[in-house]
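Data from query.pdb: PDB, C-alpha atoms, pLDDT in the B column
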```
ATOM      1  CA  MET Z   1     105.648 -82.363  27.588  1.00 40.00           C
ATOM      2  CA  THR Z   2     103.671 -79.438  26.194  1.00 41.00           C
ATOM      3  CA  GLY Z   3     102.843 -78.333  22.666  1.00 46.00           C
ATOM      4  CA  ASP Z   4     103.057 -80.202  19.374  1.00 47.00           C
ATOM      5  CA  ARG Z   5     106.477 -78.708  18.642  1.00 47.00           C
ATOM      6  CA  ASN Z   6     107.929 -80.858  21.419  1.00 48.00           C
ATOM      7  CA  VAL Z   7     106.335 -83.943  19.900  1.00 49.00           C
ATOM      8  CA  SER Z   8     108.134 -83.493  16.598  1.00 47.00           C
ATOM      9  CA  ASP Z   9     111.355 -82.366  18.270  1.00 50.00           C
ATOM     10  CA  ASN Z  10     111.574 -85.120  20.833  1.00 48.00           C
ATOM     11  CA  ILE Z  11     110.889 -88.038  18.520  1.00 45.00           C
ATOM     12  CA  ARG Z  12     114.164 -87.250  16.760  1.00 49.00           C
ATOM     13  CA  ASP Z  13     116.009 -88.308  19.890  1.00 50.00           C
ATOM     14  CA  PHE Z  14     114.615 -91.824  20.382  1.00 48.00           C
ATOM     15  CA  GLY Z  15     117.894 -93.390  19.290  1.00 48.00           C
ATOM     16  CA  VAL Z  16     116.588 -95.149  16.192  1.00 45.00           C
ATOM     17  CA  HIS Z  17     119.066 -93.308  13.952  1.00 47.00           C
ATOM     18  CA  ASP Z  18     121.776 -95.568  15.374  1.00 49.00           C
ATOM     19  CA  MET Z  19     119.932 -98.776  14.512  1.00 44.00           C
ATOM     20  CA  SER Z  20     120.678-100.936  11.518  1.00 48.00           C
ATOM     21  CA  THR Z  21     118.248-100.408   8.647  1.00 47.00           C
ATOM     22  CA  SER Z  22     118.305-104.164   8.041  1.00 48.00           C
ATOM     23  CA  ASP Z  23     116.377-104.710  11.302  1.00 57.00           C
ATOM     24  CA  TYR Z  24     112.910-103.598  12.276  1.00 49.00           C
ATOM     25  CA  LEU Z  25     113.456-101.870  15.611  1.00 56.00           C
ATOM     26  CA  VAL Z  26     111.244 -99.653  17.734  1.00 53.00           C
ATOM     27  CA  ALA Z  27     112.226 -96.904  20.166  1.00 53.00           C
ATOM     28  CA  PHE Z  28     109.919 -95.287  22.706  1.00 52.00           C
ATOM     29  CA  SER Z  29     110.218 -91.703  23.903  1.00 55.00           C
ATOM     30  CA  GLY Z  30     109.386 -92.598  27.501  1.00 60.00           C
ATOM     31  CA  GLN Z  31     106.974 -89.650  27.420  1.00 74.00           C
ATOM     32  CA  THR Z  32     103.192 -89.657  27.411  1.00 83.00           C
ATOM     33  CA  GLN Z  33     100.623 -87.152  26.248  1.00 89.00           C
ATOM     34  CA  ASN Z  34      96.842 -87.039  26.116  1.00 95.00           C
ATOM     35  CA  TYR Z  35      95.281 -86.716  22.670  1.00 95.00           C
ATOM     36  CA  CYS Z  36      92.090 -87.257  20.747  1.00 97.00           C
ATOM     37  CA  VAL Z  37      92.840 -90.108  18.372  1.00 97.00           C
ATOM     38  CA  GLY Z  38      90.593 -90.985  15.450  1.00 97.00           C
ATOM     39  CA  MET Z  39      90.195 -93.646  12.817  1.00 97.00           C
ATOM     40  CA  VAL Z  40      88.287 -93.772   9.546  1.00 97.00           C
ATOM     41  CA  ASP Z  41      87.916 -97.256   8.117  1.00 96.00           C
ATOM     42  CA  MET Z  42      86.347 -98.535   4.912  1.00 94.00           C
ATOM     43  CA  ALA Z  43      83.385-100.890   5.235  1.00 92.00           C
ATOM     44  CA  ASN Z  44      83.396-104.133   3.242  1.00 82.00           C
ATOM     45  CA  SER Z  45      86.772-103.360   1.705  1.00 79.00           C
ATOM     46  CA  THR Z  46      87.826-107.003   1.500  1.00 78.00           C
ATOM     47  CA  LYS Z  47      84.799-107.842  -0.626  1.00 79.00           C
ATOM     48  CA  MET Z  48      85.370-104.745  -2.757  1.00 79.00           C
ATOM     49  CA  ALA Z  49      89.036-105.586  -3.336  1.00 77.00           C
ATOM     50  CA  ALA Z  50      88.036-109.019  -4.608  1.00 80.00           C
ATOM     51  CA  THR Z  51      85.860-107.502  -7.334  1.00 83.00           C
ATOM     52  CA  LEU Z  52      88.318-104.862  -8.565  1.00 86.00           C
ATOM     53  CA  GLY Z  53      91.633-105.359 -10.325  1.00 83.00           C
ATOM     54  CA  THR Z  54      94.943-104.133  -8.966  1.00 85.00           C
ATOM     55  CA  VAL Z  55      94.859-100.830 -10.837  1.00 88.00           C
ATOM     56  CA  LYS Z  56      91.280-100.036  -9.867  1.00 91.00           C
ATOM     57  CA  ILE Z  57      91.628-100.977  -6.214  1.00 90.00           C
ATOM     58  CA  SER Z  58      94.751 -98.814  -5.955  1.00 90.00           C
ATOM     59  CA  ARG Z  59      92.853 -95.861  -7.393  1.00 92.00           C
ATOM     60  CA  TYR Z  60      89.904 -96.645  -5.125  1.00 93.00           C
ATOM     61  CA  TYR Z  61      92.070 -96.506  -1.993  1.00 92.00           C
ATOM     62  CA  GLN Z  62      93.907 -93.435  -3.269  1.00 93.00           C
ATOM     63  CA  ILE Z  63      90.756 -91.373  -3.728  1.00 95.00           C
ATOM     64  CA  PHE Z  64      89.357 -92.454  -0.374  1.00 95.00           C
ATOM     65  CA  LEU Z  65      92.514 -91.901   1.682  1.00 95.00           C
ATOM     66  CA  ASN Z  66      93.396 -88.607  -0.014  1.00 95.00           C
ATOM     67  CA  SER Z  67      89.859 -87.310   0.516  1.00 96.00           C
ATOM     68  CA  MET Z  68      90.004 -88.196   4.207  1.00 96.00           C
ATOM     69  CA  SER Z  69      93.446 -86.624   4.572  1.00 95.00           C
ATOM     70  CA  LYS Z  70      92.275 -83.338   3.024  1.00 96.00           C
ATOM     71  CA  ILE Z  71      89.336 -83.145   5.425  1.00 97.00           C
ATOM     72  CA  LEU Z  72      91.632 -83.987   8.326  1.00 97.00           C
ATOM     73  CA  SER Z  73      94.041 -81.171   7.475  1.00 96.00           C
ATOM     74  CA  ARG Z  74      91.197 -78.634   7.450  1.00 97.00           C
ATOM     75  CA  PHE Z  75      90.526 -79.392  11.106  1.00 97.00           C
ATOM     76  CA  GLY Z  76      94.107 -79.380  12.311  1.00 96.00           C
ATOM     77  CA  GLY Z  77      94.465 -83.150  12.509  1.00 96.00           C
ATOM     78  CA  SER Z  78      97.645 -85.059  11.722  1.00 93.00           C
ATOM     79  CA  VAL Z  79      97.947 -88.490  10.132  1.00 93.00           C
ATOM     80  CA  ILE Z  80      99.692 -91.107  12.263  1.00 90.00           C
ATOM     81  CA  LYS Z  81      99.607 -93.801   9.597  1.00 88.00           C
ATOM     82  CA  ASN Z  82      97.398 -95.515   7.083  1.00 88.00           C
ATOM     83  CA  ILE Z  83      96.847 -99.241   7.343  1.00 83.00           C
ATOM     84  CA  GLY Z  84      95.571-100.320   3.951  1.00 78.00           C
ATOM     85  CA  ASP Z  85      91.992 -99.052   3.868  1.00 87.00           C
ATOM     86  CA  CYS Z  86      92.166 -97.324   7.259  1.00 92.00           C
ATOM     87  CA  LEU Z  87      93.545 -93.938   8.316  1.00 95.00           C
ATOM     88  CA  LEU Z  88      94.683 -93.347  11.912  1.00 95.00           C
ATOM     89  CA  TYR Z  89      95.128 -89.744  13.057  1.00 96.00           C
ATOM     90  CA  TYR Z  90      95.254 -87.427  16.061  1.00 95.00           C
ATOM     91  CA  PHE Z  91      94.624 -83.798  16.988  1.00 96.00           C
ATOM     92  CA  PRO Z  92      97.626 -81.989  18.520  1.00 93.00           C
ATOM     93  CA  GLU Z  93      95.460 -79.238  20.023  1.00 94.00           C
ATOM     94  CA  SER Z  94      93.568 -81.794  22.112  1.00 95.00           C
ATOM     95  CA  SER Z  95      96.580 -82.044  24.425  1.00 93.00           C
ATOM     96  CA  LYS Z  96      95.124 -78.965  26.152  1.00 89.00           C
ATOM     97  CA  ALA Z  97      92.396 -80.623  28.188  1.00 85.00           C
ATOM     98  CA  ASN Z  98      90.991 -77.292  29.407  1.00 86.00           C
ATOM     99  CA  LYS Z  99      90.412 -76.049  25.844  1.00 90.00           C
ATOM    100  CA  LYS Z 100      87.417 -77.048  23.710  1.00 94.00           C
ATOM    101  CA  PHE Z 101      89.059 -76.397  20.353  1.00 94.00           C
ATOM    102  CA  GLY Z 102      90.957 -79.672  19.947  1.00 95.00           C
ATOM    103  CA  PHE Z 103      87.969 -81.764  20.998  1.00 97.00           C
ATOM    104  CA  MET Z 104      85.547 -79.879  18.766  1.00 97.00           C
ATOM    105  CA  SER Z 105      88.005 -80.244  15.887  1.00 97.00           C
ATOM    106  CA  CYS Z 106      87.951 -84.012  16.370  1.00 98.00           C
ATOM    107  CA  LEU Z 107      84.144 -84.150  16.381  1.00 98.00           C
ATOM    108  CA  GLU Z 108      83.778 -81.748  13.475  1.00 98.00           C
ATOM    109  CA  CYS Z 109      86.345 -83.643  11.432  1.00 98.00           C
ATOM    110  CA  GLY Z 110      84.592 -86.976  11.927  1.00 98.00           C
ATOM    111  CA  LEU Z 111      81.197 -85.541  11.073  1.00 98.00           C
ATOM    112  CA  SER Z 112      82.616 -83.730   8.049  1.00 98.00           C
ATOM    113  CA  MET Z 113      84.093 -87.003   6.786  1.00 98.00           C
ATOM    114  CA  ILE Z 114      80.617 -88.514   6.906  1.00 98.00           C
ATOM    115  CA  GLU Z 115      78.924 -85.445   5.411  1.00 98.00           C
ATOM    116  CA  ASN Z 116      81.296 -85.604   2.428  1.00 97.00           C
ATOM    117  CA  HIS Z 117      80.235 -89.166   1.620  1.00 97.00           C
ATOM    118  CA  SER Z 118      78.216 -88.182  -1.457  1.00 97.00           C
ATOM    119  CA  THR Z 119      81.024 -85.948  -2.777  1.00 97.00           C
ATOM    120  CA  ILE Z 120      83.578 -88.745  -2.456  1.00 97.00           C
ATOM    121  CA  CYS Z 121      81.201 -91.208  -4.103  1.00 97.00           C
ATOM    122  CA  LYS Z 122      80.711 -88.778  -6.987  1.00 97.00           C
ATOM    123  CA  GLU Z 123      84.479 -88.635  -7.567  1.00 97.00           C
ATOM    124  CA  LEU Z 124      84.691 -92.428  -7.448  1.00 96.00           C
ATOM    125  CA  THR Z 125      81.850 -92.743  -9.961  1.00 96.00           C
ATOM    126  CA  GLN Z 126      83.636 -90.344 -12.296  1.00 96.00           C
ATOM    127  CA  ASN Z 127      86.589 -92.742 -12.157  1.00 94.00           C
ATOM    128  CA  ASP Z 128      84.363 -95.725 -12.976  1.00 94.00           C
ATOM    129  CA  LEU Z 129      84.607 -96.994  -9.404  1.00 94.00           C
ATOM    130  CA  PRO Z 130      81.888 -98.015  -6.920  1.00 93.00           C
ATOM    131  CA  CYS Z 131      80.774 -95.812  -4.034  1.00 94.00           C
ATOM    132  CA  VAL Z 132      82.629 -96.245  -0.758  1.00 94.00           C
ATOM    133  CA  ASP Z 133      81.144 -96.671   2.707  1.00 96.00           C
ATOM    134  CA  TYR Z 134      83.096 -96.159   5.902  1.00 97.00           C
ATOM    135  CA  ARG Z 135      82.945 -95.658   9.666  1.00 97.00           C
ATOM    136  CA  VAL Z 136      84.615 -93.086  11.923  1.00 98.00           C
ATOM    137  CA  SER Z 137      85.636 -93.667  15.538  1.00 98.00           C
ATOM    138  CA  ALA Z 138      87.497 -91.540  18.080  1.00 98.00           C
ATOM    139  CA  ASP Z 139      88.630 -91.656  21.676  1.00 97.00           C
ATOM    140  CA  TYR Z 140      90.742 -89.661  24.110  1.00 97.00           C
ATOM    141  CA  GLY Z 141      93.510 -90.613  26.476  1.00 96.00           C
ATOM    142  CA  SER Z 142      97.169 -91.131  27.194  1.00 94.00           C
ATOM    143  CA  VAL Z 143      99.512 -92.318  24.449  1.00 93.00           C
ATOM    144  CA  ILE Z 144     103.205 -93.173  24.320  1.00 85.00           C
ATOM    145  CA  LEU Z 145     105.141 -91.709  21.414  1.00 78.00           C
ATOM    146  CA  MET Z 146     107.312 -94.074  19.414  1.00 73.00           C
ATOM    147  CA  ARG Z 147     109.491 -94.284  16.313  1.00 66.00           C
ATOM    148  CA  VAL Z 148     110.542 -97.107  14.006  1.00 60.00           C
ATOM    149  CA  ASN Z 149     114.091 -97.122  12.633  1.00 58.00           C
ATOM    150  CA  ASN Z 150     112.985 -97.299   8.992  1.00 54.00           C
ATOM    151  CA  SER Z 151     110.451 -94.461   9.210  1.00 56.00           C
ATOM    152  CA  ASP Z 152     110.504 -90.743   9.975  1.00 60.00           C
ATOM    153  CA  SER Z 153     106.841 -90.767  11.006  1.00 62.00           C
ATOM    154  CA  LEU Z 154     105.465 -90.405  14.497  1.00 69.00           C
ATOM    155  CA  ASP Z 155     103.598 -93.410  15.869  1.00 78.00           C
ATOM    156  CA  MET Z 156     101.641 -93.914  19.054  1.00 82.00           C
ATOM    157  CA  LEU Z 157     100.636 -96.654  21.445  1.00 85.00           C
ATOM    158  CA  GLY Z 158      97.978 -96.435  24.102  1.00 90.00           C
ATOM    159  CA  PRO Z 159      94.333 -97.023  25.050  1.00 92.00           C
ATOM    160  CA  PRO Z 160      92.760 -94.449  22.682  1.00 94.00           C
ATOM    161  CA  VAL Z 161      94.559 -96.009  19.707  1.00 94.00           C
ATOM    162  CA  ASN Z 162      93.395 -99.487  20.689  1.00 92.00           C
ATOM    163  CA  MET Z 163      89.833 -98.398  21.428  1.00 93.00           C
ATOM    164  CA  CYS Z 164      89.437 -96.563  18.124  1.00 93.00           C
ATOM    165  CA  SER Z 165      90.053 -99.851  16.380  1.00 92.00           C
ATOM    166  CA  LYS Z 166      87.853-101.915  18.702  1.00 92.00           C
ATOM    167  CA  ILE Z 167      84.799 -99.639  18.664  1.00 94.00           C
ATOM    168  CA  ASN Z 168      84.894 -98.713  14.973  1.00 95.00           C
ATOM    169  CA  HIS Z 169      82.549-101.527  13.969  1.00 93.00           C
ATOM    170  CA  ALA Z 170      80.002-100.319  16.524  1.00 94.00           C
ATOM    171  CA  ALA Z 171      79.333 -97.321  14.285  1.00 96.00           C
ATOM    172  CA  GLU Z 172      76.597 -97.446  11.721  1.00 96.00           C
ATOM    173  CA  THR Z 173      77.852 -97.453   8.153  1.00 96.00           C
ATOM    174  CA  ASN Z 174      78.758 -93.843   7.377  1.00 97.00           C
ATOM    175  CA  GLY Z 175      78.439 -92.934  11.050  1.00 97.00           C
ATOM    176  CA  VAL Z 176      80.605 -91.662  13.923  1.00 98.00           C
ATOM    177  CA  VAL Z 177      81.200 -93.179  17.356  1.00 98.00           C
ATOM    178  CA  ILE Z 178      83.342 -92.142  20.315  1.00 98.00           C
ATOM    179  CA  GLY Z 179      84.568 -93.965  23.392  1.00 96.00           C
ATOM    180  CA  GLY Z 180      83.613 -93.237  26.974  1.00 96.00           C
ATOM    181  CA  ASP Z 181      86.718 -91.207  27.817  1.00 96.00           C
ATOM    182  CA  MET Z 182      86.152 -88.919  24.842  1.00 97.00           C
ATOM    183  CA  TYR Z 183      82.483 -88.624  25.796  1.00 97.00           C
ATOM    184  CA  MET Z 184      83.423 -87.341  29.248  1.00 96.00           C
ATOM    185  CA  MET Z 185      85.357 -84.496  27.604  1.00 96.00           C
ATOM    186  CA  VAL Z 186      82.647 -83.457  25.116  1.00 97.00           C
ATOM    187  CA  LYS Z 187      79.290 -84.380  26.688  1.00 96.00           C
ATOM    188  CA  SER Z 188      78.573 -80.736  27.581  1.00 95.00           C
ATOM    189  CA  PHE Z 189      79.037 -79.506  23.997  1.00 96.00           C
ATOM    190  CA  ASN Z 190      75.691 -78.111  22.859  1.00 94.00           C
ATOM    191  CA  ASP Z 191      75.999 -78.660  19.103  1.00 95.00           C
ATOM    192  CA  TYR Z 192      75.942 -82.464  19.221  1.00 97.00           C
ATOM    193  CA  LYS Z 193      73.732 -85.321  20.342  1.00 97.00           C
ATOM    194  CA  PHE Z 194      75.327 -88.349  21.976  1.00 97.00           C
ATOM    195  CA  LYS Z 195      73.541 -91.671  22.245  1.00 96.00           C
ATOM    196  CA  LYS Z 196      74.944 -94.634  24.109  1.00 96.00           C
ATOM    197  CA  ILE Z 197      74.775 -97.544  21.681  1.00 92.00           C
ATOM    198  CA  ASP Z 198      77.118-100.231  22.957  1.00 80.00           C
ATOM    199  CA  GLU Z 199      79.455-101.402  25.689  1.00 81.00           C
ATOM    200  CA  PHE Z 200      82.778-102.980  24.874  1.00 73.00           C
ATOM    201  CA  SER Z 201      83.937-105.710  27.255  1.00 75.00           C
ATOM    202  CA  LEU Z 202      87.254-105.032  28.970  1.00 70.00           C
ATOM    203  CA  GLY Z 203      87.208-108.327  30.867  1.00 65.00           C
ATOM    204  CA  PHE Z 204      86.726-108.971  34.576  1.00 66.00           C
ATOM    205  CA  LYS Z 205      83.110-107.760  34.269  1.00 70.00           C
ATOM    206  CA  HIS Z 206      84.245-104.271  33.231  1.00 80.00           C
ATOM    207  CA  THR Z 207      82.730-102.609  30.180  1.00 89.00           C
ATOM    208  CA  TYR Z 208      83.547 -99.482  28.202  1.00 91.00           C
ATOM    209  CA  PRO Z 209      80.679 -97.350  26.821  1.00 94.00           C
ATOM    210  CA  VAL Z 210      80.433 -96.333  23.172  1.00 96.00           C
ATOM    211  CA  TYR Z 211      78.406 -93.361  21.927  1.00 97.00           C
ATOM    212  CA  ALA Z 212      77.057 -92.430  18.505  1.00 97.00           C
ATOM    213  CA  VAL Z 213      77.515 -88.768  17.562  1.00 98.00           C
ATOM    214  CA  VAL Z 214      75.254 -86.636  15.352  1.00 97.00           C
ATOM    215  CA  ARG Z 215      74.574 -82.955  14.996  1.00 95.00           C
ATOM    216  CA  LYS Z 216      71.601 -81.449  16.809  1.00 92.00           C
TER     217      LYS Z 216
END
```
Structure encoded using structure tokens:
Amino acid sequence: MTGDRNVSDNIRDFGVHDMSTSDYLVAFSGQTQNYCVGMVDMANSTKMAATLGTVKISRYYQIFLNSMSKILSRFGGSVIKNIGDCLLYYFPESSKANKKFGFMSCLECGLSMIENHSTICKELTQNDLPCVDYRVSADYGSVILMRVNNSDSLDMLGPPVNMCSKINHAAETNGVVIGGDMYMMVKSFNDYKFKKIDEFSLGFKHTYPVYAVVRK
């Protein structure tokens, strides 16, 4: 499978259009692709939600998620889904492993999200809301494309999706981390510094390295 056009075209043919809308059913494409997958997740959101009313917490999430989505679109990223206070996304151009553009877009997007922290906090303050803190994580690898019968959106399963979630808390607040597979693709990029900060246990004495990313 090559090119993002095939992603959007092929997910129409998973067979979910024949499923009953009264059931939650999943269909897989049977196809895999390699992508950079990223996640931006609020820090301490549970505590924050407990101190804000329904109207304020809705506005709080709205400003945060919309701000992240706007940054994402500037770098050619696409939203997979939002999960409450978390946004999961991927970069279609990263399917071309021999090209730097998709991988640099992923790094630049994550760093830009962090660099816009003060701007987002200013907008929240103007809406009588507290400042938000968050963490960004990303990884690279093979994913399986999937669809749910009650949604038109693309979804994915695979190691980079899982690892983004698992390593996110390894990032400093308002920081960026990447997994070992992503690091192998970007370690030669001269504009960034990578520091190994953690190892995530995969069981059976195997570990997976995690790297913090900053600009040089």
Best match for closeness to Ser165 (chain Z) among Z:Ala212, Z:Val177, Z:Cys121, Z:Met182, counting all atoms listed in the file | Z:Val177
Enter the distance from CA of Tyr89 (chain Z) to CA of Gln126 (chain Z), in Å, rounded to one decimal.
->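 Computing it gives 27.8 Å between the two atoms.
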Selected by the PyMOL selection byres ((chain Z and resi 160) around 8) in the shown coordinates: which residues, as a PyMOL selection string?
-> chain Z and resi 36-37+138-143+158-159+161-164
Give the answer as one residue: which of Z:Tyr35, Z:Phe194, Z:Tyr60, Z:Phe101 has the shortest atom-to-atom distance to Asn127 (chain Z), using all atoms listed in the file?
->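 Among the listed residues, Z:Tyr60 lies closest to Asn127 (chain Z).
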Identify all residues satisfying the PyMOL selection byres ((chain Z and resi 199) around 10) in the given file; provide them as a list of chain:residue names.
->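 Written out, the selection comes to Z:Ile167, Z:Ala170, Z:Gly179, Z:Gly180, Z:Lys196, Z:Ile197, Z:Asp198, Z:Phe200, Z:Ser201, Z:Leu202, Z:His206, Z:Thr207, Z:Tyr208, Z:Pro209, Z:Val210, Z:Tyr211.
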Can you tell me, as an NGL selection string, which residues sit within 8 Å of (90.4, -104.5, 5.5) in the file's frame, using all atoms listed in the file?
-> :Z and (42-46 or 84-86)
Could you pull region 183-200 of chain Z out of the structure I just pasted and write it to a file containing N, CA, C and O atoms, as a short mmCIF file (atom, residue, chain, number, x, y, z; two decimals), in the first residue's frame?
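Result went into part-v7.cif, see below:
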```cif
data_model
loop_
_atom_site.label_atom_id
_atom_site.label_comp_id
_atom_site.auth_asym_id
_atom_site.auth_seq_id
_atom_site.Cartn_x
_atom_site.Cartn_y
_atom_site.Cartn_z
N TYR Z 183 13.52 6.85 17.24
CA TYR Z 183 14.89 7.36 17.41
C TYR Z 183 15.82 6.85 16.32
O TYR Z 183 16.66 7.60 15.79
N MET Z 184 15.69 5.58 15.96
CA MET Z 184 16.54 5.01 14.93
C MET Z 184 16.36 5.70 13.58
O MET Z 184 17.28 5.74 12.76
N MET Z 185 15.18 6.27 13.35
CA MET Z 185 14.90 6.94 12.08
C MET Z 185 15.37 8.40 12.08
O MET Z 185 15.57 8.99 11.00
N VAL Z 186 15.54 9.00 13.25
CA VAL Z 186 15.82 10.45 13.31
C VAL Z 186 17.13 10.80 14.01
O VAL Z 186 17.48 11.97 14.09
N LYS Z 187 17.86 9.82 14.51
CA LYS Z 187 19.03 10.11 15.33
C LYS Z 187 20.12 10.89 14.60
O LYS Z 187 20.95 11.55 15.23
N SER Z 188 20.11 10.83 13.26
CA SER Z 188 21.12 11.56 12.49
C SER Z 188 20.71 12.99 12.17
O SER Z 188 21.51 13.75 11.60
N PHE Z 189 19.49 13.39 12.53
CA PHE Z 189 19.03 14.74 12.24
C PHE Z 189 19.81 15.74 13.09
O PHE Z 189 19.87 15.62 14.31
N ASN Z 190 20.37 16.75 12.45
CA ASN Z 190 21.31 17.65 13.13
C ASN Z 190 20.66 18.75 13.96
O ASN Z 190 21.34 19.39 14.76
N ASP Z 191 19.37 18.98 13.79
CA ASP Z 191 18.73 20.12 14.46
C ASP Z 191 18.21 19.78 15.86
O ASP Z 191 17.67 20.66 16.54
N TYR Z 192 18.39 18.54 16.29
CA TYR Z 192 17.78 18.12 17.55
C TYR Z 192 18.80 17.40 18.44
O TYR Z 192 19.76 16.81 17.95
N LYS Z 193 18.54 17.45 19.73
CA LYS Z 193 19.32 16.68 20.70
C LYS Z 193 18.43 15.60 21.28
O LYS Z 193 17.28 15.87 21.68
N PHE Z 194 18.95 14.39 21.36
CA PHE Z 194 18.21 13.26 21.90
C PHE Z 194 18.94 12.73 23.13
O PHE Z 194 20.14 12.47 23.08
N LYS Z 195 18.21 12.57 24.20
CA LYS Z 195 18.80 12.07 25.44
C LYS Z 195 17.99 10.88 25.93
O LYS Z 195 16.78 10.99 26.15
N LYS Z 196 18.66 9.76 26.09
CA LYS Z 196 17.98 8.58 26.62
C LYS Z 196 17.62 8.82 28.07
O LYS Z 196 18.48 9.14 28.90
N ILE Z 197 16.34 8.69 28.40
CA ILE Z 197 15.88 9.03 29.74
C ILE Z 197 15.24 7.86 30.48
O ILE Z 197 15.04 7.90 31.69
N ASP Z 198 14.85 6.82 29.74
CA ASP Z 198 14.09 5.76 30.38
C ASP Z 198 14.15 4.50 29.52
O ASP Z 198 14.56 4.54 28.36
N GLU Z 199 13.74 3.39 30.12
CA GLU Z 199 13.56 2.15 29.39
C GLU Z 199 12.26 1.53 29.85
O GLU Z 199 12.02 1.37 31.04
N PHE Z 200 11.41 1.23 28.89
CA PHE Z 200 10.11 0.65 29.20
C PHE Z 200 10.21 -0.87 29.11
O PHE Z 200 10.69 -1.41 28.11
#
```
